[in-house]
file target28.cif (mmCIF, C-alpha atoms)
data_upload
loop_
_atom_site.label_atom_id
_atom_site.label_comp_id
_atom_site.auth_asym_id
_atom_site.auth_seq_id
_atom_site.Cartn_x
_atom_site.Cartn_y
_atom_site.Cartn_z
CA MET I 29 -13.24 18.60 61.92
CA GLN I 30 -12.42 22.09 60.68
CA LYS I 31 -14.19 23.55 57.66
CA PRO I 32 -12.30 22.45 54.53
CA ARG I 33 -9.83 25.03 53.29
CA MET I 34 -10.07 25.55 49.56
CA ASN I 35 -7.03 26.80 47.71
CA HIS I 36 -8.96 28.45 44.90
CA SER I 37 -10.86 31.73 44.75
CA PRO I 38 -14.60 31.45 45.47
CA ARG I 39 -15.48 34.30 43.12
CA ALA I 40 -18.13 33.80 40.44
CA ALA I 41 -19.99 31.27 42.55
CA ALA I 42 -21.77 28.55 40.57
CA PRO I 43 -25.19 27.07 41.39
CA VAL I 44 -24.80 24.43 44.09
CA THR I 45 -27.46 22.82 46.23
CA ARG I 46 -27.01 22.06 49.93
CA MET I 47 -28.88 20.09 52.53
CA ARG I 48 -28.50 21.15 56.17
CA ALA I 49 -30.30 19.74 59.18
CA ASN I 50 -31.71 17.00 56.94
CA ARG I 51 -33.61 19.50 54.77
CA LEU I 52 -33.08 19.65 51.02
CA ARG I 53 -32.91 23.21 49.76
CA SER I 54 -33.42 24.01 46.12
CA THR I 55 -31.22 26.98 45.19
CA THR I 56 -28.41 27.84 47.56
CA SER I 57 -24.72 28.09 46.71
CA ARG I 58 -21.47 26.91 48.16
CA GLY I 59 -18.93 29.51 47.10
CA ASP I 60 -15.84 27.51 48.02
CA TRP I 61 -16.71 24.94 45.32
CA ALA I 62 -17.18 27.51 42.57
CA SER I 63 -13.59 27.35 41.34
CA TYR I 64 -13.84 23.58 40.80
CA LEU I 65 -16.84 24.04 38.54
CA ALA I 66 -15.00 26.82 36.70
CA ARG I 67 -12.05 24.51 36.08
CA TYR I 68 -14.39 21.80 34.80
CA ARG I 69 -16.15 24.19 32.44
CA ASN I 70 -12.77 25.38 31.16
CA GLY I 71 -12.09 21.84 29.95
CA GLU I 72 -9.86 20.42 32.70
CA TYR I 73 -10.18 16.67 33.10
CA ARG I 74 -12.36 15.63 36.03
CA ALA I 75 -9.84 13.31 37.74
CA ARG I 76 -7.50 16.16 38.69
CA ILE I 77 -10.41 18.25 39.96
CA PHE I 78 -11.75 15.36 42.09
CA PHE I 79 -8.23 14.77 43.41
CA ASP I 80 -7.86 18.41 44.45
CA MET I 81 -11.25 18.43 46.16
CA ILE I 82 -10.18 15.57 48.40
CA LEU I 83 -6.67 16.92 48.95
CA ASP I 84 -7.96 20.37 49.86
CA ASP I 85 -10.42 18.77 52.27
CA VAL I 86 -7.65 17.06 54.25
CA ALA I 87 -5.14 19.92 54.01
CA GLU I 88 -5.40 20.77 57.72
CA ARG I 89 -4.59 17.21 58.84
CA THR I 90 -0.92 16.34 59.01
CA GLU I 91 -0.63 13.21 61.16
CA GLY I 92 -2.25 9.79 61.23
CA LEU I 93 -4.54 10.39 58.27
CA THR I 94 -6.47 7.32 57.05
CA ILE I 95 -8.08 7.40 53.62
CA LEU I 96 -10.44 4.75 52.24
CA ASP I 97 -10.73 4.27 48.47
CA ILE I 98 -13.93 2.38 47.58
CA GLY I 99 -13.40 0.81 44.16
CA CYS I 100 -9.63 1.32 44.11
CA GLY I 101 -8.78 -0.76 41.03
CA ARG I 102 -6.95 0.90 38.11
CA GLY I 103 -6.12 4.05 40.06
CA PHE I 104 -7.96 7.21 40.98
CA ASP I 105 -10.63 7.53 38.28
CA GLY I 106 -8.32 5.40 36.15
CA ASN I 107 -5.19 7.41 37.02
CA ALA I 108 -2.61 5.44 39.02
CA ARG I 109 -0.28 8.43 39.47
CA LEU I 110 -2.97 10.49 41.18
CA GLN I 111 -3.87 7.56 43.39
CA GLU I 112 -0.24 7.06 44.41
CA ALA I 113 0.10 10.78 45.17
CA LEU I 114 -2.97 10.61 47.41
CA ALA I 115 -1.63 7.51 49.15
CA ALA I 116 1.65 9.32 49.81
CA ARG I 117 -0.28 12.08 51.58
CA CYS I 118 -1.68 9.84 54.33
CA HIS I 119 -0.57 7.40 57.01
CA ARG I 120 -2.87 4.57 55.86
CA TYR I 121 -4.45 4.20 52.43
CA ILE I 122 -7.06 1.43 52.42
CA GLY I 123 -8.55 0.09 49.21
CA VAL I 124 -11.67 -1.93 48.49
CA GLU I 125 -11.90 -3.65 45.10
CA PRO I 126 -14.38 -6.52 44.64
CA ASP I 127 -13.32 -7.35 41.06
CA GLN I 128 -10.58 -9.93 41.45
CA SER I 129 -9.38 -9.44 37.88
CA ILE I 130 -8.47 -5.77 38.35
CA PRO I 131 -4.95 -4.99 39.62
CA VAL I 132 -4.43 -2.56 42.49
CA GLY I 133 -1.41 -0.38 43.24
CA PRO I 134 1.40 -1.71 45.47
CA TYR I 135 1.38 1.57 47.43
CA ILE I 136 -2.05 0.75 48.92
CA SER I 137 -1.53 -0.14 52.59
CA GLU I 138 -4.43 -2.57 52.91
CA VAL I 139 -6.68 -4.10 50.24
CA HIS I 140 -10.04 -5.84 50.70
CA ARG I 141 -11.23 -7.96 47.77
CA CYS I 142 -14.93 -7.85 48.57
CA SER I 143 -17.84 -5.46 48.46
CA PHE I 144 -17.52 -2.37 50.61
CA GLU I 145 -20.43 -3.47 52.78
CA GLU I 146 -18.60 -6.75 53.56
CA ALA I 147 -15.15 -5.25 54.14
CA PRO I 148 -13.74 -5.94 57.64
CA LEU I 149 -13.06 -2.31 58.51
CA ALA I 150 -12.88 -1.13 62.12
CA PRO I 151 -15.61 1.27 63.25
CA ASP I 152 -14.60 4.95 63.57
CA SER I 153 -11.28 4.29 61.84
CA VAL I 154 -11.38 6.37 58.63
CA ASP I 155 -10.87 10.12 58.25
CA THR I 156 -11.86 10.40 54.59
CA ALA I 157 -13.57 7.89 52.33
CA PHE I 158 -14.39 8.30 48.66
CA ALA I 159 -15.84 6.44 45.69
CA VAL I 160 -15.16 7.47 42.09
CA MET I 161 -17.78 6.26 39.61
CA ALA I 162 -19.03 3.55 41.96
CA LEU I 163 -22.30 4.78 43.48
CA GLU I 164 -24.17 3.98 40.26
CA HIS I 165 -23.46 0.29 40.93
CA VAL I 166 -24.69 0.23 44.55
CA ARG I 167 -27.56 -2.23 44.95
CA ARG I 168 -28.68 -1.30 48.46
CA PRO I 169 -27.86 2.34 49.29
CA GLU I 170 -29.16 2.02 52.85
CA LEU I 171 -26.48 -0.61 53.60
CA PHE I 172 -23.78 1.33 51.77
CA PHE I 173 -24.32 4.57 53.68
CA ALA I 174 -24.77 2.74 56.97
CA LYS I 175 -21.31 1.25 56.40
CA VAL I 176 -19.94 4.71 55.55
CA SER I 177 -21.31 6.02 58.84
CA ASN I 178 -19.86 3.06 60.71
CA VAL I 179 -16.28 3.37 59.43
CA LEU I 180 -15.93 7.17 59.47
CA LYS I 181 -14.55 8.95 62.50
CA GLU I 182 -16.62 11.75 64.01
CA GLY I 183 -16.08 14.72 61.72
CA GLY I 184 -14.89 12.47 58.90
CA ALA I 185 -16.18 12.88 55.35
CA PHE I 186 -17.28 10.74 52.43
CA TRP I 187 -16.86 12.02 48.86
CA GLY I 188 -18.83 10.51 46.01
CA PHE I 189 -18.17 11.21 42.33
CA THR I 190 -20.77 9.53 40.16
CA VAL I 191 -23.23 9.77 37.29
CA ASP I 192 -26.03 12.26 37.90
CA ALA I 193 -29.19 10.26 37.19
CA ARG I 194 -31.11 13.47 36.40
CA HIS I 195 -29.09 13.89 33.19
CA PHE I 196 -30.02 12.33 29.84
CA PHE I 197 -26.77 10.31 29.88
CA ALA I 198 -28.21 8.12 32.64
CA LEU I 199 -31.46 7.78 30.71
CA PHE I 200 -29.55 6.61 27.63
CA SER I 201 -27.52 4.18 29.77
CA ARG I 202 -30.69 2.65 31.24
CA TRP I 203 -32.25 2.37 27.80
CA ALA I 204 -29.15 0.66 26.39
CA ASP I 205 -29.09 -1.78 29.31
CA CYS I 206 -32.75 -2.67 28.85
CA LEU I 207 -32.17 -3.40 25.18
CA ARG I 208 -28.95 -5.29 26.01
CA ILE I 209 -26.95 -3.30 23.48
CA LYS I 210 -24.73 -1.29 25.83
CA ASN I 211 -21.65 -3.53 25.70
CA THR I 212 -21.87 -3.86 21.94
CA TYR I 213 -22.23 -0.09 21.56
CA LEU I 214 -19.26 0.65 23.84
CA ALA I 215 -17.08 -2.00 22.20
CA THR I 216 -17.80 -0.58 18.74
CA LEU I 217 -17.22 3.03 19.78
CA LEU I 218 -14.46 2.77 22.42
CA GLY I 219 -12.83 -0.63 22.13
CA LYS I 220 -12.16 -3.65 24.32
CA ARG I 221 -13.62 -3.80 27.82
CA GLY I 222 -11.10 -3.15 30.60
CA GLU I 223 -8.33 -2.18 28.17
CA GLU I 224 -9.52 0.56 25.82
CA ARG I 225 -12.56 1.47 27.89
CA TYR I 226 -14.09 1.03 31.34
CA GLU I 227 -15.50 -2.31 32.52
CA ASN I 228 -19.18 -1.33 32.32
CA TYR I 229 -20.53 -3.09 35.40
CA PRO I 230 -24.33 -3.20 35.78
CA THR I 231 -25.68 0.27 36.59
CA LEU I 232 -28.61 0.65 38.98
CA TYR I 233 -28.70 4.42 39.69
CA ARG I 234 -30.17 4.01 43.18
CA ALA I 235 -27.80 6.52 44.82
CA ASN I 236 -27.37 8.97 41.97
CA THR I 237 -29.53 11.98 42.73
CA PRO I 238 -29.44 14.28 45.76
CA ARG I 239 -32.90 13.15 46.81
CA GLN I 240 -31.99 9.47 46.60
CA ILE I 241 -28.92 10.00 48.75
CA ALA I 242 -30.73 12.30 51.21
CA ARG I 243 -32.99 9.41 52.20
CA HIS I 244 -30.02 7.53 53.63
CA VAL I 245 -27.87 10.24 55.24
CA ALA I 246 -30.28 11.83 57.71
CA GLY I 247 -27.96 10.93 60.59
CA PHE I 248 -24.98 12.78 59.13
CA ARG I 249 -24.01 16.29 60.16
CA ARG I 250 -23.90 17.80 56.68
CA PHE I 251 -24.61 16.92 53.06
CA ASP I 252 -23.37 19.08 50.16
CA PHE I 253 -23.60 18.33 46.47
CA MET I 254 -22.84 19.82 43.07
CA SER I 255 -23.68 18.77 39.52
CA LEU I 256 -21.01 19.30 36.85
CA LEU I 257 -21.99 20.31 33.34
CA ARG I 258 -20.03 21.62 30.36
CA VAL I 259 -20.34 21.62 26.60
CA GLY I 260 -19.05 18.39 25.10
CA GLU I 261 -18.64 16.50 28.36
CA ASN I 262 -20.09 13.29 26.88
CA ASP I 263 -18.40 13.40 23.47
CA TYR I 264 -16.31 10.35 24.32
CA CYS I 265 -19.37 8.10 24.36
CA MET I 266 -20.99 9.42 21.19
CA PRO I 267 -20.11 9.10 17.50
CA ARG I 268 -18.67 12.30 16.01
CA TRP I 269 -21.72 13.02 13.86
CA LEU I 270 -23.79 13.45 17.04
CA HIS I 271 -21.43 15.94 18.70
CA PRO I 272 -22.95 19.14 17.24
CA LEU I 273 -26.44 18.18 18.41
CA ALA I 274 -25.14 17.15 21.84
CA HIS I 275 -23.32 20.49 22.20
CA VAL I 276 -26.53 22.40 21.46
CA ILE I 277 -28.33 20.36 24.13
CA ASP I 278 -25.50 21.01 26.62
CA ARG I 279 -25.73 24.77 26.04
CA ILE I 280 -29.49 24.76 26.50
CA MET I 281 -29.16 22.77 29.73
CA MET I 282 -26.47 25.13 31.05
CA ALA I 283 -28.59 28.18 30.24
CA ALA I 284 -31.55 26.59 32.04
CA GLY I 285 -29.46 25.67 35.10
CA LEU I 286 -30.18 21.96 34.69
CA PRO I 287 -28.01 19.19 36.18
CA GLY I 288 -24.99 17.86 34.32
CA SER I 289 -23.86 14.28 33.86
CA THR I 290 -21.57 14.16 36.92
CA LEU I 291 -22.70 14.44 40.54
CA VAL I 292 -20.28 15.35 43.33
CA VAL I 293 -21.35 14.77 46.93
CA ARG I 294 -19.68 15.39 50.27
CA ILE I 295 -21.23 13.92 53.41
CA GLU I 296 -19.79 14.78 56.82
CA LYS I 297 -20.36 12.64 59.88
#
call {"tool": "encode", "arguments": {"input": "target28.cif", "output": "structure tokens"}}
result
Amino acid sequence: MQKPRMNHSPRAAAPVTRMRANRLRSTTSRGDWASYLARYRNGEYRARIFFDMILDDVAERTEGLTILDIGCGRGFDGNARLQEALAARCHRYIGVEPDQSIPVGPYISEVHRCSFEEAPLAPDSVDTAFAVMALEHVRRPELFFAKVSNVLKEGGAFWGFTVDARHFFALFSRWADCLRIKNTYLATLLGKRGEERYENYPTLYRANTPRQIARHVAGFRRFDFMSLLRVGENDYCMPRWLHPLAHVIDRIMMAAGLPGSTLVVRIEK
């Protein structure tokens, strides 16, 4: 697989951490991801940025492309138009969606209504797999990443877009789950589950930091990751009166180079 070609300028490189040869390094940078972070910090919605990261990654492949969407219900990060556009780019677009109540797009070539680990997918059959806001729900990461390795072709890549468990958002989420107030809080603030807001499946955060993931991807060729952070990124899940305080915290975290609330990972077989 050729090195992904990025369509954006790598100038003003942002802090990114990389693991090569199964070693986790603390402060290196991947310049060809810098423009994505710049777009995020300029306020662009994450779904379009995630979409472009995947599309840029497969830009060199023109024939027979197979893409696997793990957690395909309700579109690409909730956007059906982006998902359809991605499906139109490849030869086969396979979806996995274990929640039977969630509709999936008619443009998906093949749908499996089960967990990813149980999906009857042929070994070495997928060029690119991805999961948007799904890794936080994985119960056994060792089985999940073993399945990723099994279905990917040599040189294929898995993209994960998920909650960064090093950020205070994940801490708040865990706290709310323990107190059993999370659904009530979200319903009061955002509205009805599955209609006005996301479904809020149980969150485990077992594959949501670089170190957690690194334990399970030692057999892969390459592992890159980036944490996204910007001022106001979590306003949607907070009452307005808390926004000023949250913005101050975001600025302090950015100045200190701390992780944001969203983790992006790319693992190459």
call {"tool": "atom_distance", "arguments": {"input": "target28.cif", "atom1": "atom CA of Gly188 of chain I", "atom2": "atom CA of Trp61 of chain I"}}
result
14.6 Å
call {"tool": "atom_distance", "arguments": {"input": "target28.cif", "atom1": "atom CA of Gly106 of chain I", "atom2": "atom CA of Arg168 of chain I"}}
result
24.7 Å
call {"tool": "closest_residue", "arguments": {"input": "target28.cif", "among": "I:Asn236, I:Ser177, I:Ala108, I:His119", "to": "Ala162 of chain I", "atoms": "only C-alpha atoms"}}
result
I:Asn236
call {"tool": "residues_near_point", "arguments": {"input": "target28.cif", "point": "(-19.7, 20.0, 41.3)", "cutoff": "6 Å", "atoms": "only C-alpha atoms", "output": "list in words"}}
result
Leu65, Met254, Ser255, Leu256 and Val292 of chain I
call {"tool": "resolve_selection", "arguments": {"input": "target28.cif", "expression": "the PyMOL selection byres ((chain I and resi 137) around 6)", "output": "PDB file with C-alpha atoms, in the coordinates of the input"}}
result
ATOM      1  CA  ARG I 120      -2.870   4.570  55.860  1.00  0.00           C
ATOM      2  CA  TYR I 121      -4.450   4.200  52.430  1.00  0.00           C
ATOM      3  CA  ILE I 122      -7.060   1.430  52.420  1.00  0.00           C
ATOM      4  CA  ILE I 136      -2.050   0.750  48.920  1.00  0.00           C
ATOM      5  CA  GLU I 138      -4.430  -2.570  52.910  1.00  0.00           C
TER       6      GLU I 138
END
call {"tool": "residues_around", "arguments": {"input": "target28.cif", "residues": "Ile95 of chain I", "least_positions_apart": "6", "cutoff": "12 Å", "atoms": "only C-alpha atoms", "output": "ChimeraX atom specification"}}
result
/I:82-83,85-86,89,111,114-124,136-138,149,153-159,179-181,184-187
call {"tool": "resolve_selection", "arguments": {"input": "target28.cif", "expression": "the PyMOL selection byres ((chain I and resi 64) around 9)", "output": "PyMOL selection string"}}
result
chain I and resi 36+60-63+65-69+77-78+80-81
call {"tool": "closest_residue", "arguments": {"input": "target28.cif", "among": "I:Pro267, I:Gly103, I:Gly260, I:Pro287", "to": "Thr237 of chain I", "atoms": "only C-alpha atoms"}}
result
I:Pro287
call {"tool": "closest_residue", "arguments": {"input": "target28.cif", "among": "I:Thr231, I:Phe79, I:Phe200, I:Val293", "to": "Met266 of chain I", "atoms": "all atoms listed in the file"}}
result
I:Phe200
call {"tool": "atom_distance", "arguments": {"input": "target28.cif", "atom1": "atom CA of Leu163 of chain I", "atom2": "atom CA of Ile130 of chain I"}}
result
18.1 Å
call {"tool": "closest_residue", "arguments": {"input": "target28.cif", "among": "I:Asp263, I:Ala87, I:Leu257, I:Ala235", "to": "Ala284 of chain I", "atoms": "all atoms listed in the file"}}
result
I:Leu257
call {"tool": "build_atoms", "arguments": {"input": "target28.cif", "residues": "segment 237-268 of chain I", "atoms": "N, CA and C atoms", "output": "PDB file, in the frame of the given file"}}
result
ATOM      1  N   THR I 237     -28.957  10.642  42.696  1.00  0.00           N
ATOM      2  CA  THR I 237     -29.530  11.980  42.730  1.00  0.00           C
ATOM      3  C   THR I 237     -29.448  12.467  44.168  1.00  0.00           C
ATOM      4  N   PRO I 238     -29.466  13.781  44.375  1.00  0.00           N
ATOM      5  CA  PRO I 238     -29.440  14.280  45.760  1.00  0.00           C
ATOM      6  C   PRO I 238     -30.587  13.742  46.607  1.00  0.00           C
ATOM      7  N   ARG I 239     -31.765  13.645  46.033  1.00  0.00           N
ATOM      8  CA  ARG I 239     -32.900  13.150  46.810  1.00  0.00           C
ATOM      9  C   ARG I 239     -32.751  11.678  47.182  1.00  0.00           C
ATOM     10  N   GLN I 240     -32.224  10.880  46.270  1.00  0.00           N
ATOM     11  CA  GLN I 240     -31.990   9.470  46.600  1.00  0.00           C
ATOM     12  C   GLN I 240     -31.024   9.333  47.764  1.00  0.00           C
ATOM     13  N   ILE I 241     -29.937  10.081  47.709  1.00  0.00           N
ATOM     14  CA  ILE I 241     -28.920  10.000  48.750  1.00  0.00           C
ATOM     15  C   ILE I 241     -29.447  10.564  50.068  1.00  0.00           C
ATOM     16  N   ALA I 242     -30.219  11.652  50.001  1.00  0.00           N
ATOM     17  CA  ALA I 242     -30.730  12.300  51.210  1.00  0.00           C
ATOM     18  C   ALA I 242     -31.549  11.345  52.071  1.00  0.00           C
ATOM     19  N   ARG I 243     -32.193  10.371  51.445  1.00  0.00           N
ATOM     20  CA  ARG I 243     -32.990   9.410  52.200  1.00  0.00           C
ATOM     21  C   ARG I 243     -32.149   8.589  53.174  1.00  0.00           C
ATOM     22  N   HIS I 244     -30.859   8.457  52.878  1.00  0.00           N
ATOM     23  CA  HIS I 244     -30.020   7.530  53.630  1.00  0.00           C
ATOM     24  C   HIS I 244     -28.955   8.223  54.487  1.00  0.00           C
ATOM     25  N   VAL I 245     -28.933   9.548  54.506  1.00  0.00           N
ATOM     26  CA  VAL I 245     -27.870  10.240  55.240  1.00  0.00           C
ATOM     27  C   VAL I 245     -28.430  11.212  56.268  1.00  0.00           C
ATOM     28  N   ALA I 246     -29.641  10.938  56.741  1.00  0.00           N
ATOM     29  CA  ALA I 246     -30.280  11.830  57.710  1.00  0.00           C
ATOM     30  C   ALA I 246     -29.480  11.943  59.004  1.00  0.00           C
ATOM     31  N   GLY I 247     -28.722  10.909  59.354  1.00  0.00           N
ATOM     32  CA  GLY I 247     -27.960  10.930  60.590  1.00  0.00           C
ATOM     33  C   GLY I 247     -26.621  11.634  60.499  1.00  0.00           C
ATOM     34  N   PHE I 248     -26.257  12.087  59.313  1.00  0.00           N
ATOM     35  CA  PHE I 248     -24.980  12.780  59.130  1.00  0.00           C
ATOM     36  C   PHE I 248     -25.136  14.262  59.474  1.00  0.00           C
ATOM     37  N   ARG I 249     -24.017  14.888  59.764  1.00  0.00           N
ATOM     38  CA  ARG I 249     -24.010  16.290  60.160  1.00  0.00           C
ATOM     39  C   ARG I 249     -24.315  17.221  58.987  1.00  0.00           C
ATOM     40  N   ARG I 250     -23.798  16.873  57.805  1.00  0.00           N
ATOM     41  CA  ARG I 250     -23.900  17.800  56.680  1.00  0.00           C
ATOM     42  C   ARG I 250     -23.843  17.027  55.362  1.00  0.00           C
ATOM     43  N   PHE I 251     -24.585  17.528  54.386  1.00  0.00           N
ATOM     44  CA  PHE I 251     -24.610  16.920  53.060  1.00  0.00           C
ATOM     45  C   PHE I 251     -24.572  18.043  52.031  1.00  0.00           C
ATOM     46  N   ASP I 252     -23.505  18.103  51.228  1.00  0.00           N
ATOM     47  CA  ASP I 252     -23.370  19.080  50.160  1.00  0.00           C
ATOM     48  C   ASP I 252     -23.242  18.341  48.832  1.00  0.00           C
ATOM     49  N   PHE I 253     -23.742  18.954  47.771  1.00  0.00           N
ATOM     50  CA  PHE I 253     -23.600  18.330  46.470  1.00  0.00           C
ATOM     51  C   PHE I 253     -23.543  19.367  45.368  1.00  0.00           C
ATOM     52  N   MET I 254     -22.984  18.957  44.228  1.00  0.00           N
ATOM     53  CA  MET I 254     -22.840  19.820  43.070  1.00  0.00           C
ATOM     54  C   MET I 254     -22.914  18.968  41.819  1.00  0.00           C
ATOM     55  N   SER I 255     -23.598  19.474  40.794  1.00  0.00           N
ATOM     56  CA  SER I 255     -23.680  18.770  39.520  1.00  0.00           C
ATOM     57  C   SER I 255     -22.801  19.487  38.501  1.00  0.00           C
ATOM     58  N   LEU I 256     -21.957  18.736  37.811  1.00  0.00           N
ATOM     59  CA  LEU I 256     -21.010  19.300  36.850  1.00  0.00           C
ATOM     60  C   LEU I 256     -21.558  19.178  35.432  1.00  0.00           C
ATOM     61  N   LEU I 257     -21.494  20.287  34.715  1.00  0.00           N
ATOM     62  CA  LEU I 257     -21.990  20.310  33.340  1.00  0.00           C
ATOM     63  C   LEU I 257     -21.113  21.236  32.509  1.00  0.00           C
ATOM     64  N   ARG I 258     -20.750  20.776  31.318  1.00  0.00           N
ATOM     65  CA  ARG I 258     -20.030  21.620  30.360  1.00  0.00           C
ATOM     66  C   ARG I 258     -20.344  21.133  28.953  1.00  0.00           C
ATOM     67  N   VAL I 259     -20.082  21.969  27.996  1.00  0.00           N
ATOM     68  CA  VAL I 259     -20.340  21.620  26.600  1.00  0.00           C
ATOM     69  C   VAL I 259     -19.350  20.538  26.151  1.00  0.00           C
ATOM     70  N   GLY I 260     -19.886  19.462  25.619  1.00  0.00           N
ATOM     71  CA  GLY I 260     -19.050  18.390  25.100  1.00  0.00           C
ATOM     72  C   GLY I 260     -18.581  17.376  26.115  1.00  0.00           C
ATOM     73  N   GLU I 261     -19.144  17.386  27.311  1.00  0.00           N
ATOM     74  CA  GLU I 261     -18.640  16.500  28.360  1.00  0.00           C
ATOM     75  C   GLU I 261     -18.858  15.017  28.060  1.00  0.00           C
ATOM     76  N   ASN I 262     -19.820  14.701  27.197  1.00  0.00           N
ATOM     77  CA  ASN I 262     -20.090  13.290  26.880  1.00  0.00           C
ATOM     78  C   ASN I 262     -19.702  12.910  25.463  1.00  0.00           C
ATOM     79  N   ASP I 263     -18.822  13.706  24.841  1.00  0.00           N
ATOM     80  CA  ASP I 263     -18.400  13.400  23.470  1.00  0.00           C
ATOM     81  C   ASP I 263     -17.746  12.032  23.341  1.00  0.00           C
ATOM     82  N   TYR I 264     -17.057  11.609  24.395  1.00  0.00           N
ATOM     83  CA  TYR I 264     -16.310  10.350  24.320  1.00  0.00           C
ATOM     84  C   TYR I 264     -17.221   9.149  24.090  1.00  0.00           C
ATOM     85  N   CYS I 265     -18.475   9.256  24.491  1.00  0.00           N
ATOM     86  CA  CYS I 265     -19.370   8.100  24.360  1.00  0.00           C
ATOM     87  C   CYS I 265     -20.383   8.266  23.234  1.00  0.00           C
ATOM     88  N   MET I 266     -20.103   9.206  22.329  1.00  0.00           N
ATOM     89  CA  MET I 266     -20.990   9.420  21.190  1.00  0.00           C
ATOM     90  C   MET I 266     -20.193   9.434  19.889  1.00  0.00           C
ATOM     91  N   PRO I 267     -20.782   8.972  18.795  1.00  0.00           N
ATOM     92  CA  PRO I 267     -20.110   9.100  17.500  1.00  0.00           C
ATOM     93  C   PRO I 267     -19.975  10.584  17.136  1.00  0.00           C
ATOM     94  N   ARG I 268     -18.969  10.906  16.330  1.00  0.00           N
ATOM     95  CA  ARG I 268     -18.670  12.300  16.010  1.00  0.00           C
ATOM     96  C   ARG I 268     -19.845  13.034  15.361  1.00  0.00           C
TER      97      ARG I 268
END
